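Coordinates as given in query_17.cif (mmCIF, C-alpha atoms):
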```
data_work
#
loop_
_atom_site.label_atom_id
_atom_site.label_comp_id
_atom_site.auth_asym_id
_atom_site.auth_seq_id
_atom_site.Cartn_x
_atom_site.Cartn_y
_atom_site.Cartn_z
CA MET A 1 -38.95 -6.39 8.57
CA PRO A 2 -40.39 -3.59 10.66
CA SER A 3 -44.07 -3.74 11.35
CA ASN A 4 -46.48 -0.98 10.39
CA THR A 5 -47.09 1.57 13.11
CA THR A 6 -50.49 2.92 13.97
CA SER A 7 -51.28 6.56 14.64
CA LYS A 8 -51.47 5.90 18.39
CA SER A 9 -48.02 4.35 18.49
CA GLU A 10 -46.60 7.18 16.36
CA LYS A 11 -48.00 9.64 18.89
CA ILE A 12 -46.24 7.80 21.72
CA VAL A 13 -42.98 7.77 19.76
CA LYS A 14 -43.25 11.55 19.24
CA ILE A 15 -43.91 12.11 22.94
CA PHE A 16 -40.87 10.09 24.00
CA ALA A 17 -38.68 11.66 21.29
CA SER A 18 -39.51 15.23 22.40
CA CYS A 19 -37.58 17.22 24.99
CA PRO A 20 -38.50 16.36 28.62
CA MET A 21 -40.88 18.76 30.36
CA GLU A 22 -38.38 19.60 33.12
CA LYS A 23 -35.88 20.88 30.54
CA ARG A 24 -38.26 23.13 28.59
CA ASN A 25 -37.76 26.84 29.27
CA ASP A 26 -41.44 27.69 28.78
CA ILE A 27 -42.33 25.23 31.55
CA ILE A 28 -39.49 26.20 33.90
CA ASN A 29 -40.10 29.97 33.59
CA TYR A 30 -43.88 29.76 33.71
CA TYR A 31 -44.57 32.14 36.58
CA PRO A 32 -44.03 35.86 36.02
CA PRO A 33 -41.59 37.84 38.20
CA HIS A 34 -44.07 38.91 40.92
CA GLN A 35 -41.62 40.98 42.97
CA GLU A 36 -40.68 43.17 40.01
CA PHE A 37 -44.33 43.57 39.04
CA SER A 38 -45.42 44.57 42.54
CA SER A 39 -42.60 47.10 42.92
CA LEU A 40 -43.45 48.55 39.50
CA ILE A 41 -47.13 48.83 40.45
CA ASP A 42 -46.17 50.53 43.74
CA LYS A 43 -44.02 53.08 41.90
CA LEU A 44 -46.75 53.76 39.34
CA ARG A 45 -49.28 54.13 42.15
CA PHE A 46 -46.99 56.57 43.98
CA LEU A 47 -46.67 58.65 40.79
CA GLY A 48 -50.45 58.62 40.31
CA LEU A 49 -50.39 56.64 37.08
CA TYR A 50 -52.13 53.55 38.50
CA ARG A 51 -55.12 53.16 40.81
CA CYS A 52 -55.68 50.11 42.97
CA GLU A 53 -59.06 50.31 44.67
CA TYR A 54 -58.22 47.53 47.11
CA THR A 55 -55.07 49.30 48.32
CA ASP A 56 -56.95 52.60 48.51
CA PHE A 57 -59.60 50.88 50.64
CA ARG A 58 -56.97 49.40 52.97
CA ASN A 59 -55.20 52.74 53.34
CA GLU A 60 -58.47 54.52 54.06
CA ASN A 61 -59.39 51.93 56.69
CA ASP A 62 -55.98 52.31 58.35
CA ARG A 63 -56.34 56.10 58.31
CA THR A 64 -59.82 56.08 59.86
CA ARG A 65 -58.77 53.52 62.50
CA ALA A 66 -55.86 55.79 63.45
CA LEU A 67 -58.25 58.76 63.72
CA ARG A 68 -60.51 56.78 66.06
CA GLY A 69 -57.53 55.78 68.20
CA LYS A 70 -57.55 52.11 67.22
CA LYS A 71 -54.06 51.81 65.85
CA PRO A 72 -52.57 48.32 65.86
CA LYS A 73 -50.40 47.59 68.86
CA PRO A 74 -46.66 47.85 68.23
CA ARG A 75 -45.08 44.51 67.60
CA HIS A 76 -42.40 43.10 69.87
CA LYS A 77 -38.99 44.33 68.78
CA VAL A 78 -36.03 42.03 69.11
CA LYS A 79 -33.14 43.61 70.98
CA LEU A 80 -29.76 42.78 69.49
CA ASP A 81 -26.75 42.69 71.75
CA LEU A 82 -23.84 43.82 69.60
CA ASN A 83 -21.24 43.72 72.39
CA ILE A 84 -18.91 40.94 71.41
CA GLU A 85 -16.76 39.68 74.26
CA ASN A 86 -13.94 37.24 73.68
#
```
Kindly transcribe the structure held in the file into structure tokens.
Amino acid sequence: MPSNTTSKSEKIVKIFASCPMEKRNDIINYYPPHQEFSSLIDKLRFLGLYRCEYTDFRNENDRTRALRGKKPKPRHKVKLDLNIEN
């Protein structure tokens, strides 16, 4: 004869009977597609349909630094040797 189950044990049975967390699509795909969102925001900003005050501030700072002659130094470029000798 099976024994009576309490509400706590029924809760545990439901937890173990459910689908594992690592197989649930809502858990796996939790984070939004950031690359697509950022490229969309950049395109909207270019078209003038979206304003980002932080990016405007950064651009203005870069522009004023360039006017004062304080541009960032050019970064070291890697030279590629494409001559392949056998």
Practice task
Enter the distance from atom CA of A:Phe37 to atom CA of A:Thr55, in Å, rounded to one decimal.
Solution key: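 Straight-line distance from atom CA of A:Phe37 to atom CA of A:Thr55 works out to 15.3 Å.
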Fill in the blank from the handout: A straight line from atom CA of A:Cys52 to atom CA of A:Ala66 spans 21.3 Å
Handout entry: Between atom CA of A:Asn61 and atom CA of A:Pro33, distance in Å (one decimal)
Key =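 Result for atom CA of A:Asn61 versus atom CA of A:Pro33: 29.3 Å, one decimal.
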Provide an axis-aligned box for all listed atoms of stretch 31-49 of chain A, padding each side by 6 Å; report its centre and its edge lengths in Å to one decimal, as AutoDock Vina command-line options.
```
--center_x -45.6 --center_y 45.4 --center_z 40.0 --size_x 21.8 --size_y 38.5 --size_z 20.0
```
Exercise for the section: Using only C-alpha atoms, pick whichever of A:Tyr50, A:Ser3, A:Asp26, A:Pro20 has the shortest atom-to-atom distance to A:Ser38. Expected result: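 Of A:Tyr50, A:Ser3, A:Asp26, A:Pro20, the one nearest A:Ser38 is A:Tyr50, counting only C-alpha atoms.
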